[in-house]
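Chemist: The following block contains the structure, expressed as structure tokens.
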Amino acid sequence: MTEEEDEKEYRWETGYEKTWEAIREDEYGTLDYSVADIILKAKRKRQLDKKGDSRLGMMRHLYVVLDCSEKMTNEDLHPTRMICTLKLMEGFIEEFFYQNPISQIGIIVTKNKRAEKLSDLTGNPKKHLKELRSLKTASCTGEPSLQNSIELALKSLKLLPTHATREILIIMGSLTTCDPGDIGDTIRNMKAENVRCSIIGLAAELHICKRMVSMTGGVHNVVLDDKHFLEQLNVHIDPPPAATRLDAALVKMGFPHHALQSSTAEVSMAVCMCHADDMDESDKILNTGYLCPQCLSKHCELPVECRACGLTLVSAPHLARSYHYLFPVQRYQEILNEGKTSHCFSCQKEFGTLDKKVYFCERCQQTFCIDCEIFVHESLHMCPGCATNPQTYVTQLANSSTA
């Protein structure tokens, strides 16, 4: 073995061992948990923190503030904080719009004591992904400014209707902020406008960040590694509980049909409104598209806000995908596995000696494992036991509402 190979063999970056991944429960039931178990317990805790009987908001307006200061070049997150953040943000945006198809996101970057709007509030994820990819070659310099970023987001959020939630998510990598004025006034303005501010710290917990989220009802967490970072981003995919003082209002939406060129109804070949500014994309000149029922403008994909008349264009599956937030699945009860049920009702997995706790639905009286419990509440949004026995579910729901 050469000297170079010997040095590489014993470098701490490649030679350390993740001993905690080898920890397992022995035959006597003594500790402990693997990394996968810790993640499952964290997800379970997130479900317990939710209020099962609270109505969640269907329409959300979220501004994501990205710290692009000099501290984002640190390499504690591989390869750098900035590259890791951009990579995880791409997956977050795709999952956000899948779970919240009629919501909107805007992106703000802050560096050199200034704040700049990278993309406006829109429901088109491709536009945000394109802007995020452009940040991979941008330089990270100076200090961030929390006050300038929040003030820039508030200018747009305070003009939005009150029937939708207003949120700000800040990804902070620096331990300092350079603000032109009193940030306490900005925090009070956020609270007055019912704007919920949450912060994900990449370095350490800051007092001003903790104060900000406590006054606005947000969440503040500091990441440990990239996997924990992803978990903290996933916390913000589900909408927060809708405020009781939100105004009830009718939202005008359009359900366009997919127009095709035919002998009966011809559609002219033109650039759709979604790519009217990108004239270099010649492949978007098509004779098909979705026609706005109000102004007959053509769009290539849904959901989208019509650029001609401002009407929100969606399809029925998009609306149905957001409908479950109005009636969230009841939280399962965690009970000890006493051998009364031998298998999970959903996946039919047999409960072994390692399954100390199982999860029980009080409405359908069925038992589930922790994997199915998390899948039901995070992805399926429907209890399999209640769905297979709807008569029992309707009866118990009527009895609970009467009581």
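Identifiers in this document derive from the order of the structure tokens: chains are assigned A, B, ..., residues are numbered from 1 separately in each chain, and ligands are numbered from 1 in order of occurrence.
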As a PyMOL selection string, please: every residue in stretch 97-234 of chain A that a backbone DSSP assignment puts in strand (DSSP E or B).

Modeler: chain A and resi 104-111+114-122+165-172+195-201+220-222

Chemist: DSSP on the backbone, alpha helix (DSSP H) only: what residues of stretch 162-193 of chain A does that give? Format it as a count of residues only.

Modeler: 10

Chemist: Would you please work out which residue, of A:Ser198, A:Thr165, A:Thr141, A:Gln232, is nearest to A:Gln104 when using only C-alpha atoms?

Modeler: A:Thr165

Chemist: Write out as JSON, numbers by chain which residues come within 10 Å of stretch 312-316 of chain A when counting only C-alpha atoms, dropping same-chain ones fewer than 5 positions away.

Modeler: {"A": [101, 102, 123, 251, 252, 253, 254, 255, 256, 257, 290, 291, 292, 293, 299, 301, 302, 303, 304, 305, 306, 307, 321]}

Chemist: So that I have them on file, write out the residues from the current selection with N, CA, C and O atoms, as a PDB file, in the first residue's frame.

Modeler:
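That gives us part_17.pdb:
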```pdb
ATOM      1  N   PRO A 101     -52.285  21.415  -4.920  1.00  0.00           N
ATOM      2  CA  PRO A 101     -52.271  21.842  -6.331  1.00  0.00           C
ATOM      3  C   PRO A 101     -52.875  23.215  -6.591  1.00  0.00           C
ATOM      4  O   PRO A 101     -52.580  23.811  -7.626  1.00  0.00           O
ATOM      5  N   ILE A 102     -53.699  23.732  -5.683  1.00  0.00           N
ATOM      6  CA  ILE A 102     -54.312  25.043  -5.931  1.00  0.00           C
ATOM      7  C   ILE A 102     -53.653  26.120  -5.071  1.00  0.00           C
ATOM      8  O   ILE A 102     -54.230  27.179  -4.856  1.00  0.00           O
ATOM      9  N   GLY A 123     -48.586  29.192  -9.292  1.00  0.00           N
ATOM     10  CA  GLY A 123     -48.840  27.776  -9.079  1.00  0.00           C
ATOM     11  C   GLY A 123     -48.167  26.889 -10.090  1.00  0.00           C
ATOM     12  O   GLY A 123     -48.482  25.697 -10.175  1.00  0.00           O
ATOM     13  N   VAL A 251     -64.749  31.368  -4.067  1.00  0.00           N
ATOM     14  CA  VAL A 251     -63.589  31.547  -4.931  1.00  0.00           C
ATOM     15  C   VAL A 251     -63.984  31.145  -6.342  1.00  0.00           C
ATOM     16  O   VAL A 251     -64.430  30.013  -6.576  1.00  0.00           O
ATOM     17  N   LYS A 252     -63.829  32.056  -7.266  1.00  0.00           N
ATOM     18  CA  LYS A 252     -64.189  31.792  -8.654  1.00  0.00           C
ATOM     19  C   LYS A 252     -63.064  31.014  -9.333  1.00  0.00           C
ATOM     20  O   LYS A 252     -61.912  31.442  -9.332  1.00  0.00           O
ATOM     21  N   MET A 253     -63.413  29.861  -9.905  1.00  0.00           N
ATOM     22  CA  MET A 253     -62.445  29.024 -10.603  1.00  0.00           C
ATOM     23  C   MET A 253     -63.019  28.585 -11.941  1.00  0.00           C
ATOM     24  O   MET A 253     -64.238  28.522 -12.120  1.00  0.00           O
ATOM     25  N   GLY A 254     -62.113  28.283 -12.846  1.00  0.00           N
ATOM     26  CA  GLY A 254     -62.517  27.791 -14.156  1.00  0.00           C
ATOM     27  C   GLY A 254     -62.034  26.373 -14.367  1.00  0.00           C
ATOM     28  O   GLY A 254     -60.940  26.007 -13.940  1.00  0.00           O
ATOM     29  N   PHE A 255     -62.873  25.564 -15.023  1.00  0.00           N
ATOM     30  CA  PHE A 255     -62.520  24.179 -15.336  1.00  0.00           C
ATOM     31  C   PHE A 255     -62.456  24.038 -16.855  1.00  0.00           C
ATOM     32  O   PHE A 255     -63.442  23.671 -17.498  1.00  0.00           O
ATOM     33  N   PRO A 256     -61.311  24.348 -17.430  1.00  0.00           N
ATOM     34  CA  PRO A 256     -61.219  24.337 -18.907  1.00  0.00           C
ATOM     35  C   PRO A 256     -61.165  22.913 -19.456  1.00  0.00           C
ATOM     36  O   PRO A 256     -60.741  21.975 -18.771  1.00  0.00           O
ATOM     37  N   HIS A 257     -61.579  22.782 -20.694  1.00  0.00           N
ATOM     38  CA  HIS A 257     -61.482  21.492 -21.380  1.00  0.00           C
ATOM     39  C   HIS A 257     -60.236  21.484 -22.256  1.00  0.00           C
ATOM     40  O   HIS A 257     -59.727  22.539 -22.643  1.00  0.00           O
ATOM     41  N   TYR A 290     -55.371  23.992 -23.071  1.00  0.00           N
ATOM     42  CA  TYR A 290     -56.554  24.217 -22.238  1.00  0.00           C
ATOM     43  C   TYR A 290     -57.036  25.645 -22.460  1.00  0.00           C
ATOM     44  O   TYR A 290     -56.275  26.597 -22.267  1.00  0.00           O
ATOM     45  N   LEU A 291     -58.275  25.786 -22.872  1.00  0.00           N
ATOM     46  CA  LEU A 291     -58.845  27.096 -23.156  1.00  0.00           C
ATOM     47  C   LEU A 291     -59.566  27.624 -21.923  1.00  0.00           C
ATOM     48  O   LEU A 291     -60.419  26.937 -21.340  1.00  0.00           O
ATOM     49  N   CYS A 292     -59.221  28.834 -21.528  1.00  0.00           N
ATOM     50  CA  CYS A 292     -59.880  29.472 -20.393  1.00  0.00           C
ATOM     51  C   CYS A 292     -61.357  29.691 -20.727  1.00  0.00           C
ATOM     52  O   CYS A 292     -61.684  30.270 -21.773  1.00  0.00           O
ATOM     53  N   PRO A 293     -62.283  29.237 -19.898  1.00  0.00           N
ATOM     54  CA  PRO A 293     -63.708  29.405 -20.211  1.00  0.00           C
ATOM     55  C   PRO A 293     -64.173  30.850 -20.169  1.00  0.00           C
ATOM     56  O   PRO A 293     -65.271  31.151 -20.648  1.00  0.00           O
ATOM     57  N   HIS A 299     -53.637  27.652 -22.504  1.00  0.00           N
ATOM     58  CA  HIS A 299     -52.590  27.287 -21.560  1.00  0.00           C
ATOM     59  C   HIS A 299     -52.238  25.829 -21.785  1.00  0.00           C
ATOM     60  O   HIS A 299     -53.103  25.016 -22.118  1.00  0.00           O
ATOM     61  N   GLU A 301     -50.834  23.669 -19.528  1.00  0.00           N
ATOM     62  CA  GLU A 301     -50.920  22.776 -18.384  1.00  0.00           C
ATOM     63  C   GLU A 301     -51.752  23.416 -17.280  1.00  0.00           C
ATOM     64  O   GLU A 301     -51.966  24.633 -17.264  1.00  0.00           O
ATOM     65  N   LEU A 302     -52.210  22.571 -16.379  1.00  0.00           N
ATOM     66  CA  LEU A 302     -53.002  22.991 -15.220  1.00  0.00           C
ATOM     67  C   LEU A 302     -52.349  22.436 -13.953  1.00  0.00           C
ATOM     68  O   LEU A 302     -51.620  21.443 -14.011  1.00  0.00           O
ATOM     69  N   PRO A 303     -52.585  23.066 -12.794  1.00  0.00           N
ATOM     70  CA  PRO A 303     -53.339  24.309 -12.561  1.00  0.00           C
ATOM     71  C   PRO A 303     -52.502  25.520 -12.900  1.00  0.00           C
ATOM     72  O   PRO A 303     -51.275  25.484 -12.864  1.00  0.00           O
ATOM     73  N   VAL A 304     -53.169  26.619 -13.211  1.00  0.00           N
ATOM     74  CA  VAL A 304     -52.486  27.848 -13.575  1.00  0.00           C
ATOM     75  C   VAL A 304     -53.466  29.002 -13.392  1.00  0.00           C
ATOM     76  O   VAL A 304     -54.686  28.799 -13.413  1.00  0.00           O
ATOM     77  N   GLU A 305     -52.929  30.176 -13.204  1.00  0.00           N
ATOM     78  CA  GLU A 305     -53.747  31.379 -13.145  1.00  0.00           C
ATOM     79  C   GLU A 305     -53.689  32.061 -14.504  1.00  0.00           C
ATOM     80  O   GLU A 305     -52.606  32.360 -15.010  1.00  0.00           O
ATOM     81  N   CYS A 306     -54.830  32.264 -15.108  1.00  0.00           N
ATOM     82  CA  CYS A 306     -54.885  32.840 -16.452  1.00  0.00           C
ATOM     83  C   CYS A 306     -54.209  34.206 -16.470  1.00  0.00           C
ATOM     84  O   CYS A 306     -54.560  35.097 -15.692  1.00  0.00           O
ATOM     85  N   ARG A 307     -53.235  34.368 -17.355  1.00  0.00           N
ATOM     86  CA  ARG A 307     -52.495  35.622 -17.423  1.00  0.00           C
ATOM     87  C   ARG A 307     -53.284  36.715 -18.114  1.00  0.00           C
ATOM     88  O   ARG A 307     -52.913  37.883 -18.038  1.00  0.00           O
ATOM     89  N   ARG A 321     -57.872  16.611  -4.777  1.00  0.00           N
ATOM     90  CA  ARG A 321     -56.652  16.312  -4.040  1.00  0.00           C
ATOM     91  C   ARG A 321     -56.472  17.251  -2.853  1.00  0.00           C
ATOM     92  O   ARG A 321     -55.800  16.920  -1.881  1.00  0.00           O
TER      93      ARG A 321
END
```

Chemist: A:Lys191, A:Arg211, A:His377, A:Lys71: which is nearest A:Pro328, counting only C-alpha atoms?

Modeler: A:His377

Chemist: Quick one: of A:Ser174, A:Leu88, A:Ile208, A:Tyr63, who's nearest to A:Ser149, counting only C-alpha atoms?

Modeler: A:Tyr63

Chemist: Can you tell me which residues surround A:Arg114 at a distance of at most 12 Å, considering only C-alpha atoms, apart from same-chain residues fewer than 5 positions away, and format the answer as a VMD selection string?

Modeler: chain A and resid 65 to 69 108 to 109 141 to 152 177 to 180

Chemist: Got time to write the residues from that selection, C-alpha atoms, as a compact mmCIF listing (two decimals), in the first residue's frame?

Modeler:
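The resulting again_12.txt:
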```
# COMPACT_ATOMS: atom_id res chain seq x y z
CA VAL A 65 -36.76 33.04 1.62
CA LEU A 66 -33.37 31.52 0.75
CA ASP A 67 -30.25 32.74 2.50
CA CYS A 68 -27.57 33.25 -0.19
CA SER A 69 -25.00 34.82 2.10
CA ILE A 108 -37.00 35.44 -2.38
CA VAL A 109 -33.21 35.41 -2.03
CA THR A 141 -21.68 36.81 -0.71
CA GLY A 142 -22.28 39.23 2.15
CA GLU A 143 -24.81 38.98 4.94
CA PRO A 144 -28.55 38.26 4.79
CA SER A 145 -31.28 40.67 5.84
CA LEU A 146 -34.32 39.17 7.53
CA GLN A 147 -36.17 42.46 7.73
CA ASN A 148 -35.77 43.31 4.04
CA SER A 149 -36.85 39.79 3.04
CA ILE A 150 -39.95 39.83 5.22
CA GLU A 151 -40.94 43.34 4.14
CA LEU A 152 -40.63 42.29 0.49
CA THR A 177 -28.73 39.55 9.99
CA CYS A 178 -28.17 43.10 8.79
CA ASP A 179 -31.43 45.07 9.02
CA PRO A 180 -32.05 48.75 8.23
```

Chemist: Between A:Cys197, A:Ile83, A:Val329, A:Met72, which has the minimum distance to A:Leu169 (counting only C-alpha atoms)?

Modeler: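 Ranking A:Cys197, A:Ile83, A:Val329, A:Met72 by distance to A:Leu169, first place goes to A:Cys197.
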
Chemist: Neighbouring residues of A:Gly352 were defined as those with any atom within 10 Å, considering only C-alpha atoms; residues of the same chain fewer than 3 positions away were excluded. Please report them as a PyMOL selection string.

Modeler: chain A and resi 337+339+342-343+349+355-356

Chemist: One number please: atom CA of A:Met59 to atom CA of A:Leu129, in Å, one decimal.

Modeler: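 Atom CA of A:Leu129 lies 20.7 Å from atom CA of A:Met59.
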
Chemist: Check the smallest atom-to-atom distance from each of A:Cys209, A:Leu202, A:Leu132, A:Leu250 to A:Thr162 using only C-alpha atoms, then report the winner.

Modeler: A:Leu250

Chemist: Let me make sure I understand: among A:Met212, A:Val358, A:Val235, A:Thr122, which one has the smallest atom-to-atom distance to A:Gly310 if we use only C-alpha atoms?

Modeler: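 Going through A:Met212, A:Val358, A:Val235, A:Thr122 one by one, the smallest distance to A:Gly310 is for A:Thr122.
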
Chemist: Expressed in Å to a single decimal, how great is the separation between atom CA of A:Asp76 and atom CA of A:Lys127?

Modeler: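 Atom-to-atom, atom CA of A:Asp76 to atom CA of A:Lys127, that is 29.2 Å.
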
Chemist: Interatomic distance between atom CA of A:Cys372 and atom CA of A:Cys386?

Modeler: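 Here the two named atoms are 14.0 Å from each other.
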
Chemist: Any idea what's packed within 12 Å of A:Glu193, counting only C-alpha atoms, ignoring anything in its chain fewer than 5 positions away? Could you give it as a list in words?

Modeler: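 Non-adjacent residues within range: Glu151, Ala153, Leu154, Lys155, Ser156, Leu157, Lys158, Leu159, Leu160, Pro161, Thr162, Thr165, Arg166, Glu167, Thr186, Ile187, Arg188, Thr216, Arg245 and Leu246 of chain A.
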
Chemist: Pull N, CA and C atoms from the residues just selected and write them as a PDB file, in the first residue's frame.

Modeler:
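Result went into again_38.pdb, see below:
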```pdb
ATOM      1  N   GLU A 151     -40.201  42.180   4.669  1.00  0.00           N
ATOM      2  CA  GLU A 151     -40.936  43.336   4.142  1.00  0.00           C
ATOM      3  C   GLU A 151     -41.284  43.142   2.673  1.00  0.00           C
ATOM      4  N   ALA A 153     -41.777  40.256   1.158  1.00  0.00           N
ATOM      5  CA  ALA A 153     -42.854  39.266   1.087  1.00  0.00           C
ATOM      6  C   ALA A 153     -44.188  39.845   1.537  1.00  0.00           C
ATOM      7  N   LEU A 154     -44.150  40.714   2.568  1.00  0.00           N
ATOM      8  CA  LEU A 154     -45.392  41.300   3.073  1.00  0.00           C
ATOM      9  C   LEU A 154     -46.060  42.204   2.049  1.00  0.00           C
ATOM     10  N   LYS A 155     -45.274  42.837   1.177  1.00  0.00           N
ATOM     11  CA  LYS A 155     -45.865  43.712   0.166  1.00  0.00           C
ATOM     12  C   LYS A 155     -46.837  42.954  -0.729  1.00  0.00           C
ATOM     13  N   SER A 156     -46.534  41.688  -0.993  1.00  0.00           N
ATOM     14  CA  SER A 156     -47.425  40.876  -1.832  1.00  0.00           C
ATOM     15  C   SER A 156     -48.480  40.148  -1.012  1.00  0.00           C
ATOM     16  N   LEU A 157     -48.103  39.658   0.163  1.00  0.00           N
ATOM     17  CA  LEU A 157     -49.035  38.845   0.949  1.00  0.00           C
ATOM     18  C   LEU A 157     -50.192  39.652   1.505  1.00  0.00           C
ATOM     19  N   LYS A 158     -49.947  40.896   1.895  1.00  0.00           N
ATOM     20  CA  LYS A 158     -51.032  41.675   2.504  1.00  0.00           C
ATOM     21  C   LYS A 158     -52.092  42.098   1.497  1.00  0.00           C
ATOM     22  N   LEU A 159     -51.806  41.964   0.201  1.00  0.00           N
ATOM     23  CA  LEU A 159     -52.788  42.297  -0.826  1.00  0.00           C
ATOM     24  C   LEU A 159     -53.653  41.103  -1.222  1.00  0.00           C
ATOM     25  N   LEU A 160     -53.327  39.921  -0.712  1.00  0.00           N
ATOM     26  CA  LEU A 160     -54.053  38.720  -1.091  1.00  0.00           C
ATOM     27  C   LEU A 160     -55.339  38.598  -0.296  1.00  0.00           C
ATOM     28  N   PRO A 161     -56.336  37.868  -0.817  1.00  0.00           N
ATOM     29  CA  PRO A 161     -57.612  37.706  -0.077  1.00  0.00           C
ATOM     30  C   PRO A 161     -57.396  36.951   1.219  1.00  0.00           C
ATOM     31  N   THR A 162     -58.252  37.184   2.176  1.00  0.00           N
ATOM     32  CA  THR A 162     -58.078  36.629   3.519  1.00  0.00           C
ATOM     33  C   THR A 162     -58.589  35.207   3.660  1.00  0.00           C
ATOM     34  N   THR A 165     -54.401  31.074   3.341  1.00  0.00           N
ATOM     35  CA  THR A 165     -53.361  31.239   4.342  1.00  0.00           C
ATOM     36  C   THR A 165     -52.175  31.990   3.749  1.00  0.00           C
ATOM     37  N   ARG A 166     -51.501  32.771   4.587  1.00  0.00           N
ATOM     38  CA  ARG A 166     -50.318  33.534   4.175  1.00  0.00           C
ATOM     39  C   ARG A 166     -49.142  33.043   5.009  1.00  0.00           C
ATOM     40  N   GLU A 167     -48.111  32.584   4.344  1.00  0.00           N
ATOM     41  CA  GLU A 167     -47.001  31.956   5.045  1.00  0.00           C
ATOM     42  C   GLU A 167     -45.665  32.431   4.483  1.00  0.00           C
ATOM     43  N   THR A 186     -41.432  44.867  12.246  1.00  0.00           N
ATOM     44  CA  THR A 186     -41.766  43.962  11.145  1.00  0.00           C
ATOM     45  C   THR A 186     -42.479  42.719  11.654  1.00  0.00           C
ATOM     46  N   ILE A 187     -42.035  42.202  12.794  1.00  0.00           N
ATOM     47  CA  ILE A 187     -42.686  41.021  13.377  1.00  0.00           C
ATOM     48  C   ILE A 187     -44.119  41.348  13.776  1.00  0.00           C
ATOM     49  N   ARG A 188     -44.329  42.523  14.348  1.00  0.00           N
ATOM     50  CA  ARG A 188     -45.689  42.923  14.738  1.00  0.00           C
ATOM     51  C   ARG A 188     -46.573  43.131  13.506  1.00  0.00           C
ATOM     52  N   THR A 216     -45.802  34.548  15.567  1.00  0.00           N
ATOM     53  CA  THR A 216     -46.628  34.347  14.374  1.00  0.00           C
ATOM     54  C   THR A 216     -47.206  32.948  14.267  1.00  0.00           C
ATOM     55  N   ARG A 245     -60.716  32.972  12.266  1.00  0.00           N
ATOM     56  CA  ARG A 245     -61.210  34.284  11.837  1.00  0.00           C
ATOM     57  C   ARG A 245     -61.033  34.522  10.344  1.00  0.00           C
ATOM     58  N   LEU A 246     -60.677  33.470   9.594  1.00  0.00           N
ATOM     59  CA  LEU A 246     -60.578  33.633   8.156  1.00  0.00           C
ATOM     60  C   LEU A 246     -61.959  33.914   7.576  1.00  0.00           C
TER      61      LEU A 246
END
```
